[in-house]
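Enquirer: The following file, coords.csv, comprises CSV, C-alpha atoms:
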chain,number,residue,atom,x,y,z
O,1,MET,CA,46.4,-7.9,84.1
O,2,SER,CA,43.4,-7.0,82.0
O,3,ASN,CA,39.8,-7.8,83.0
O,4,SER,CA,37.3,-9.7,81.0
O,5,ALA,CA,35.8,-6.6,79.6
O,6,ASP,CA,39.1,-5.6,78.0
O,7,SER,CA,39.9,-9.1,76.6
O,8,PRO,CA,36.8,-11.2,76.0
O,9,ARG,CA,37.4,-14.9,75.7
O,10,ASP,CA,35.3,-17.9,74.6
O,11,ALA,CA,34.8,-21.0,76.5
O,12,SER,CA,38.1,-22.5,75.4
O,13,GLY,CA,39.9,-19.6,76.9
O,14,GLN,CA,41.1,-18.3,73.5
O,15,GLY,CA,40.7,-14.5,72.8
O,16,ARG,CA,38.0,-13.6,70.3
O,17,ARG,CA,39.1,-11.9,67.1
O,18,ARG,CA,37.8,-8.4,66.5
O,19,TRP,CA,36.1,-8.3,63.1
O,20,PRO,CA,35.8,-4.8,61.4
O,21,ARG,CA,32.4,-3.3,61.9
O,22,PRO,CA,30.2,-2.7,58.7
O,23,VAL,CA,30.2,1.1,59.4
O,24,ARG,CA,34.0,1.2,59.3
O,25,LEU,CA,34.0,-0.7,56.0
O,26,LEU,CA,31.5,1.7,54.4
O,27,THR,CA,33.5,4.7,55.6
O,28,ALA,CA,36.7,3.3,54.1
O,29,ALA,CA,34.9,2.6,50.8
O,30,VAL,CA,33.5,6.1,50.6
O,31,PHE,CA,37.0,7.7,51.1
O,32,ALA,CA,38.5,5.4,48.5
O,33,LEU,CA,35.8,6.3,46.0
O,34,ALA,CA,36.3,10.0,46.7
O,35,GLY,CA,40.0,9.7,46.2
O,36,LEU,CA,39.5,7.9,42.8
O,37,ILE,CA,37.1,10.7,41.6
O,38,PHE,CA,39.5,13.4,42.7
O,39,PHE,CA,42.4,11.7,40.9
O,40,THR,CA,40.4,11.1,37.7
O,41,SER,CA,39.2,14.8,37.6
O,42,PHE,CA,42.7,16.1,38.1
O,43,ASN,CA,44.1,13.8,35.4
O,44,THR,CA,41.4,14.9,33.0
O,45,ALA,CA,41.7,18.6,33.6
O,46,LYS,CA,45.5,18.7,33.3
O,47,GLY,CA,45.5,22.0,35.0
O,48,THR,CA,42.8,23.6,32.9
O,49,ASN,CA,39.4,25.0,34.0
O,50,ILE,CA,36.9,22.4,33.0
O,51,ARG,CA,33.9,24.7,33.6
O,52,THR,CA,35.1,27.0,30.8
O,53,ASP,CA,36.5,24.4,28.4
O,54,ALA,CA,35.2,25.1,24.9
O,55,SER,CA,34.6,21.4,24.3
O,56,LEU,CA,31.9,21.4,27.0
O,57,LEU,CA,30.0,24.4,25.6
O,58,LYS,CA,26.6,23.9,24.0
O,59,LEU,CA,26.8,23.2,20.3
O,60,SER,CA,24.5,26.2,19.6
O,61,ASP,CA,27.0,28.4,21.5
O,62,LEU,CA,29.9,27.2,19.4
O,63,ILE,CA,28.0,27.7,16.1
O,64,GLU,CA,27.1,31.2,17.1
O,65,GLN,CA,30.7,31.9,18.1
O,66,ARG,CA,32.0,30.6,14.7
O,67,SER,CA,29.3,32.6,12.9
O,68,HIS,CA,30.5,35.9,14.5
O,69,ALA,CA,34.1,34.9,13.7
O,70,ASN,CA,33.2,34.2,10.1
O,71,LYS,CA,31.5,37.6,9.8
O,72,GLY,CA,34.6,39.4,11.0
O,73,LEU,CA,36.8,37.4,8.6
O,74,GLU,CA,34.5,38.2,5.7
O,75,ALA,CA,34.7,42.0,6.5
O,76,GLY,CA,38.5,41.8,6.6
O,77,ASN,CA,38.6,39.8,3.4
O,78,GLY,CA,36.4,42.3,1.6
O,79,SER,CA,38.6,45.2,2.7
O,80,LEU,CA,41.7,43.5,1.5
O,81,ARG,CA,40.1,42.6,-1.8
O,82,SER,CA,39.1,46.2,-2.4
O,83,GLU,CA,42.7,47.2,-1.7
O,84,VAL,CA,44.1,44.6,-4.1
O,85,ASP,CA,41.7,45.6,-6.8
O,86,SER,CA,42.7,49.3,-6.5
O,87,LEU,CA,46.4,48.4,-6.7
O,88,ALA,CA,45.8,46.1,-9.7
O,89,GLU,CA,43.9,48.8,-11.6
O,90,ARG,CA,46.6,51.3,-10.8
O,91,ASP,CA,49.5,49.1,-12.0
O,92,SER,CA,47.8,47.0,-14.7
O,93,GLY,CA,48.3,49.5,-17.6
O,94,SER,CA,45.0,48.3,-19.0
O,95,THR,CA,42.9,50.4,-21.4
O,96,LYS,CA,39.5,51.9,-20.5
O,97,ALA,CA,37.8,49.2,-22.6
O,98,ASP,CA,39.5,46.5,-20.5
O,99,GLU,CA,38.6,48.3,-17.2
O,100,ALA,CA,34.9,48.6,-18.3
O,101,LYS,CA,34.9,44.9,-19.2
O,102,LEU,CA,36.4,44.0,-15.9
O,103,LYS,CA,33.9,46.2,-14.0
O,104,ALA,CA,31.0,44.5,-15.9
O,105,LEU,CA,32.3,41.0,-14.9
O,106,ARG,CA,32.6,42.0,-11.3
O,107,LYS,CA,29.1,43.3,-11.3
O,108,ALA,CA,27.8,40.0,-12.8
O,109,ALA,CA,29.8,38.0,-10.3
O,110,GLY,CA,28.2,39.8,-7.4
O,111,THR,CA,31.3,41.3,-5.9
O,112,GLN,CA,30.3,44.9,-6.5
O,113,LYS,CA,27.6,47.0,-4.8
O,114,LEU,CA,24.3,47.1,-6.6
O,115,LYS,CA,21.6,49.8,-6.4
O,116,GLY,CA,18.2,50.0,-7.9
O,117,GLU,CA,14.5,49.2,-7.4
O,118,ALA,CA,14.0,46.2,-5.2
O,119,LEU,CA,11.6,43.7,-3.7
O,120,THR,CA,12.0,42.1,-0.3
O,121,VAL,CA,10.2,38.8,0.7
O,122,THR,CA,10.0,37.9,4.4
O,123,LEU,CA,9.3,34.4,5.6
O,124,ASP,CA,8.7,33.4,9.2
O,125,ASP,CA,7.6,30.5,11.3
O,126,ALA,CA,4.0,30.1,12.5
O,127,PRO,CA,3.2,30.5,16.2
O,128,PRO,CA,4.1,27.2,18.0
O,129,ASP,CA,0.5,26.9,19.2
O,130,ALA,CA,-1.0,27.4,15.7
O,131,THR,CA,-4.1,25.3,14.8
O,132,ALA,CA,-5.9,24.8,11.5
O,133,SER,CA,-7.6,28.1,10.5
O,134,ALA,CA,-10.5,26.5,8.6
O,135,PRO,CA,-12.5,23.3,8.5
O,136,GLY,CA,-11.0,20.6,6.3
O,137,TYR,CA,-7.4,21.3,7.2
O,138,PRO,CA,-5.7,18.6,9.4
O,139,GLU,CA,-4.2,19.7,12.7
O,140,PRO,CA,-0.6,20.8,12.0
O,141,GLN,CA,2.5,18.8,12.7
O,142,PRO,CA,5.7,20.5,14.0
O,143,ASP,CA,7.2,20.5,10.5
O,144,ASP,CA,4.1,22.3,9.1
O,145,LEU,CA,4.9,25.4,11.3
O,146,VAL,CA,8.5,26.1,10.4
O,147,ILE,CA,10.3,27.5,7.3
O,148,HIS,CA,12.1,24.8,5.3
O,149,GLN,CA,15.0,25.0,2.9
O,150,GLN,CA,12.7,24.3,0.0
O,151,ASP,CA,10.7,27.4,0.9
O,152,LEU,CA,13.7,29.8,0.9
O,153,GLN,CA,15.1,28.2,-2.2
O,154,ALA,CA,11.8,28.6,-4.0
O,155,VAL,CA,11.8,32.4,-3.3
O,156,VAL,CA,15.4,32.8,-4.4
O,157,ASN,CA,14.8,30.8,-7.6
O,158,ALA,CA,11.7,32.8,-8.4
O,159,LEU,CA,13.5,36.1,-8.0
O,160,TRP,CA,16.3,35.0,-10.3
O,161,GLN,CA,13.7,33.8,-12.9
O,162,GLY,CA,12.0,37.2,-12.6
O,163,GLY,CA,15.2,38.9,-13.9
O,164,ALA,CA,16.8,40.0,-10.6
O,165,ASP,CA,20.2,41.7,-11.1
O,166,GLY,CA,21.3,40.6,-7.6
O,167,VAL,CA,19.9,38.8,-4.6
O,168,ARG,CA,20.7,39.2,-0.9
O,169,VAL,CA,19.6,36.7,1.7
O,170,MET,CA,19.6,38.2,5.2
O,171,ASP,CA,22.7,40.4,5.0
O,172,GLN,CA,24.7,38.4,2.5
O,173,ARG,CA,24.9,38.7,-1.3
O,174,LEU,CA,24.4,35.6,-3.3
O,175,ILE,CA,26.9,34.5,-6.0
O,176,SER,CA,26.9,31.6,-8.4
O,177,THR,CA,28.4,29.2,-5.8
O,178,SER,CA,26.1,30.2,-2.9
O,179,ALA,CA,24.0,27.5,-1.3
O,180,VAL,CA,20.9,28.1,0.8
O,181,ARG,CA,20.9,25.3,3.3
O,182,CYS,CA,18.8,24.8,6.4
O,183,VAL,CA,19.7,22.6,9.4
O,184,GLY,CA,16.8,22.1,11.8
O,185,ASN,CA,15.2,25.6,12.3
O,186,THR,CA,18.3,27.6,11.2
O,187,LEU,CA,19.7,28.8,7.9
O,188,ILE,CA,23.4,28.2,7.2
O,189,LEU,CA,24.7,30.5,4.5
O,190,GLN,CA,28.3,30.9,3.5
O,191,GLY,CA,29.6,29.9,6.9
O,192,ARG,CA,27.1,31.9,9.0
O,193,VAL,CA,24.0,30.9,10.9
O,194,TYR,CA,20.6,32.7,10.9
O,195,SER,CA,17.2,32.2,12.6
O,196,PRO,CA,13.8,33.3,11.3
O,197,PRO,CA,12.3,35.6,10.1
O,198,TYR,CA,14.3,35.3,6.9
O,199,LYS,CA,14.5,38.2,4.4
O,200,VAL,CA,15.3,37.8,0.7
O,201,THR,CA,15.9,41.0,-1.2
O,202,ALA,CA,16.3,41.3,-5.0
O,203,VAL,CA,17.2,44.3,-7.1
O,204,GLY,CA,15.2,44.4,-10.3
O,205,ASP,CA,11.9,45.3,-11.8
O,206,PRO,CA,9.3,44.9,-9.0
O,207,VAL,CA,6.5,44.0,-11.4
O,208,LYS,CA,8.5,41.2,-13.1
O,209,LEU,CA,9.7,40.0,-9.7
O,210,ARG,CA,6.1,39.8,-8.3
O,211,LYS,CA,4.9,38.0,-11.4
O,212,ALA,CA,7.7,35.4,-11.1
O,213,ILE,CA,6.8,34.8,-7.4
O,214,GLY,CA,3.1,34.3,-8.3
O,215,ALA,CA,4.0,31.9,-11.0
O,216,SER,CA,6.1,29.6,-8.8
O,217,PRO,CA,4.4,26.3,-8.0
O,218,ALA,CA,6.6,25.8,-4.9
O,219,ILE,CA,5.6,29.2,-3.6
O,220,ARG,CA,1.9,28.5,-4.2
O,221,ASN,CA,2.3,25.4,-2.1
O,222,TYR,CA,3.9,27.5,0.6
O,223,MET,CA,1.0,30.0,0.5
O,224,ALA,CA,-1.4,27.2,1.2
O,225,TYR,CA,0.4,26.7,4.5
O,226,VAL,CA,0.3,30.4,5.1
O,227,ASP,CA,-3.5,30.4,4.8
O,228,ALA,CA,-3.9,27.1,6.8
O,229,TYR,CA,-1.5,27.6,9.7
O,230,GLY,CA,-0.3,31.2,9.7
O,231,LEU,CA,3.3,30.9,8.4
O,232,GLY,CA,4.8,34.3,7.9
O,233,TRP,CA,4.7,35.9,4.4
O,234,LYS,CA,5.3,39.6,3.5
O,235,VAL,CA,6.4,41.3,0.3
O,236,ASP,CA,7.7,44.9,0.3
O,237,GLU,CA,8.8,47.1,-2.6
O,238,HIS,CA,11.6,49.6,-2.4
O,239,GLU,CA,12.2,52.6,-4.7
O,240,ALA,CA,15.9,52.4,-4.1
O,241,MET,CA,17.9,49.7,-2.4
O,242,THR,CA,21.7,49.0,-2.3
O,243,LEU,CA,22.9,45.5,-2.0
O,244,PRO,CA,26.4,45.0,-0.7
O,245,GLY,CA,29.0,43.2,-2.8
O,246,TYR,CA,29.9,39.6,-1.8
O,247,SER,CA,33.0,39.8,0.4
O,248,GLY,CA,33.7,36.1,1.0
O,249,THR,CA,36.2,33.9,-0.8
O,250,VAL,CA,35.6,33.0,-4.4
O,251,ASP,CA,38.0,30.1,-4.6
O,252,LEU,CA,36.4,26.9,-5.7
O,253,HIS,CA,37.0,23.8,-3.5
O,254,HIS,CA,36.7,20.4,-4.9
O,255,ALA,CA,37.7,16.8,-4.0
O,256,LYS,CA,40.7,15.1,-5.6
O,257,PRO,CA,40.9,11.4,-6.3
O,258,VAL,CA,43.5,9.4,-4.3
O,259,GLU,CA,46.4,8.4,-6.5
What's the structure tokens form of this structure?

Expert:
Amino acid sequence: MSNSADSPRDASGQGRRRWPRPVRLLTAAVFALAGLIFFTSFNTAKGTNIRTDASLLKLSDLIEQRSHANKGLEAGNGSLRSEVDSLAERDSGSTKADEAKLKALRKAAGTQKLKGEALTVTLDDAPPDATASAPGYPEPQPDDLVIHQQDLQAVVNALWQGGADGVRVMDQRLISTSAVRCVGNTLILQGRVYSPPYKVTAVGDPVKLRKAIGASPAIRNYMAYVDAYGLGWKVDEHEAMTLPGYSGTVDLHHAKPVE
């Protein structure tokens, strides 16, 4: 026979029902939620290491990784192209005149090394804390302190107009299908990514190249920002410079209408 402490009753003599305490309900809810999270994580991972999953890497890391991969592929492609060209010359049975014509075409296309006098233009961002250098200039906005696509393109265009035999941006030779594109504060050129300072080198007559640079309205506009906010600008001459041949693909890609 139990005592009243073991079996409390109300006035009617009926036993009182034990209701779950709030602490017990909260504990059960926490364990249930933990189980749900564990199951969801396991189902998502599918046995893989989520911490090292490439899909969770920063976009900048992925871009840098792809850029290095593209650099290696370009080097391999250039080596294979040289081998194919050597085999083609050996087995083609062409005359010396044909070979000379083919060599000239390759030189014009930018796939062969080029050596001669050269000019290098270096562009760089201004210091992030730059201020107006003289009265009358407004305080700079963030866009005023960085190199833009139009600035790089203006230098490339001026060098071509100055009679450049070949142009290299950073470590890549430009060809007729090359596009100088900037996304944010980075340059994307032929599948690879670069950060400032940017170097543009042209083989040609340095006097004519300098004259073309000075005559460019777009570069004169850039020079105003150089004077006002300290954007980087440097021009160097070289008695002899060798530009590498373009080693990427030369296939043209285009869209096709849906039939």

Enquirer: Which residue, O:Gly204, O:Pro196, O:Pro142, O:Pro128, has the smallest gap to Gly162 in chain O when you use all atoms listed in the file?

Expert: O:Gly204

Enquirer: What's around Leu174 in chain O at 10 Å? Count only C-alpha atoms, leave out sequence neighbours fewer than 3 positions away in its own chain, and write the answer as number ranges by chain.

Expert: O: 109-111, 156, 166-169, 171, 177-180, 189-190, 244-246

Enquirer: Would you work out the distance separating CA of Tyr229 in chain O from CA of Ser216 in chain O, expressed in Å to one decimal?

Expert: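 If I compute the distance from CA of Tyr229 in chain O to CA of Ser216 in chain O, I get 20.1 Å.
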
Enquirer: Quote the spacing between CA of Tyr225 in chain O and CA of Asp165 in chain O in Å to one decimal place.

Expert: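 CA of Tyr225 in chain O sits 29.3 Å away from CA of Asp165 in chain O.
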
Enquirer: Which of these residues is nearest to Leu114 in chain O, using all atoms listed in the file: O:Val203, O:Ile219, O:Ala154, O:Ala126?

Expert: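 Selected residue with least distance to Leu114 in chain O: O:Val203.
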
Enquirer: What separation in Å, quoted to one decimal, exists between CA of Leu152 in chain O and CA of Val183 in chain O?

Expert: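 That distance, rounded to one decimal, is 12.7 Å.
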
Enquirer: Determine, counting only C-alpha atoms, which protein, DNA and RNA residues have an atom within 12 Å of an atom of Tyr137 in chain O; residues of the same chain fewer than 2 positions away are not included. Present the result as a ChimeraX atom specification.

Expert: /O:131-135,139-141,144,224-225,227-229

Enquirer: Measuring atom to atom with all atoms listed in the file, identify which of O:Gln172, O:Gln161, O:Gln153, O:Thr242 is nearest to Tyr194 in chain O.

Expert: O:Gln172

Enquirer: Excluding His148 in chain O and any residue of its chain fewer than 6 positions from it, enumerate the residues within 12 Å of it, using all atoms listed in the file, and give them as a CSV table (one decimal) with C-alpha atoms, keeping the file's coordinate frame.

Expert:
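That gives us result18.csv:
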chain,number,residue,atom,x,y,z
O,123,LEU,CA,9.3,34.4,5.6
O,124,ASP,CA,8.7,33.4,9.2
O,125,ASP,CA,7.6,30.5,11.3
O,142,PRO,CA,5.7,20.5,14.0
O,154,ALA,CA,11.8,28.6,-4.0
O,155,VAL,CA,11.8,32.4,-3.3
O,180,VAL,CA,20.9,28.1,0.8
O,181,ARG,CA,20.9,25.3,3.3
O,182,CYS,CA,18.8,24.8,6.4
O,183,VAL,CA,19.7,22.6,9.4
O,184,GLY,CA,16.8,22.1,11.8
O,185,ASN,CA,15.2,25.6,12.3
O,186,THR,CA,18.3,27.6,11.2
O,187,LEU,CA,19.7,28.8,7.9
O,188,ILE,CA,23.4,28.2,7.2
O,195,SER,CA,17.2,32.2,12.6
O,196,PRO,CA,13.8,33.3,11.3
O,197,PRO,CA,12.3,35.6,10.1
O,198,TYR,CA,14.3,35.3,6.9
O,218,ALA,CA,6.6,25.8,-4.9
O,219,ILE,CA,5.6,29.2,-3.6
O,222,TYR,CA,3.9,27.5,0.6
O,225,TYR,CA,0.4,26.7,4.5
O,231,LEU,CA,3.3,30.9,8.4

Enquirer: Which is closest to Leu209 in chain O among O:Pro257, O:Gly232, O:Gly163, O:Gly116, if we use only C-alpha atoms?

Expert: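 Among the listed residues, O:Gly163 lies closest to Leu209 in chain O.
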
Enquirer: Tell me which of O:Lys208, O:Lys113, O:His238, O:Arg173 sits closest to Ala158 in chain O, counting only C-alpha atoms.

Expert: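 With only C-alpha atoms as the atom set, the closest residue is O:Lys208.
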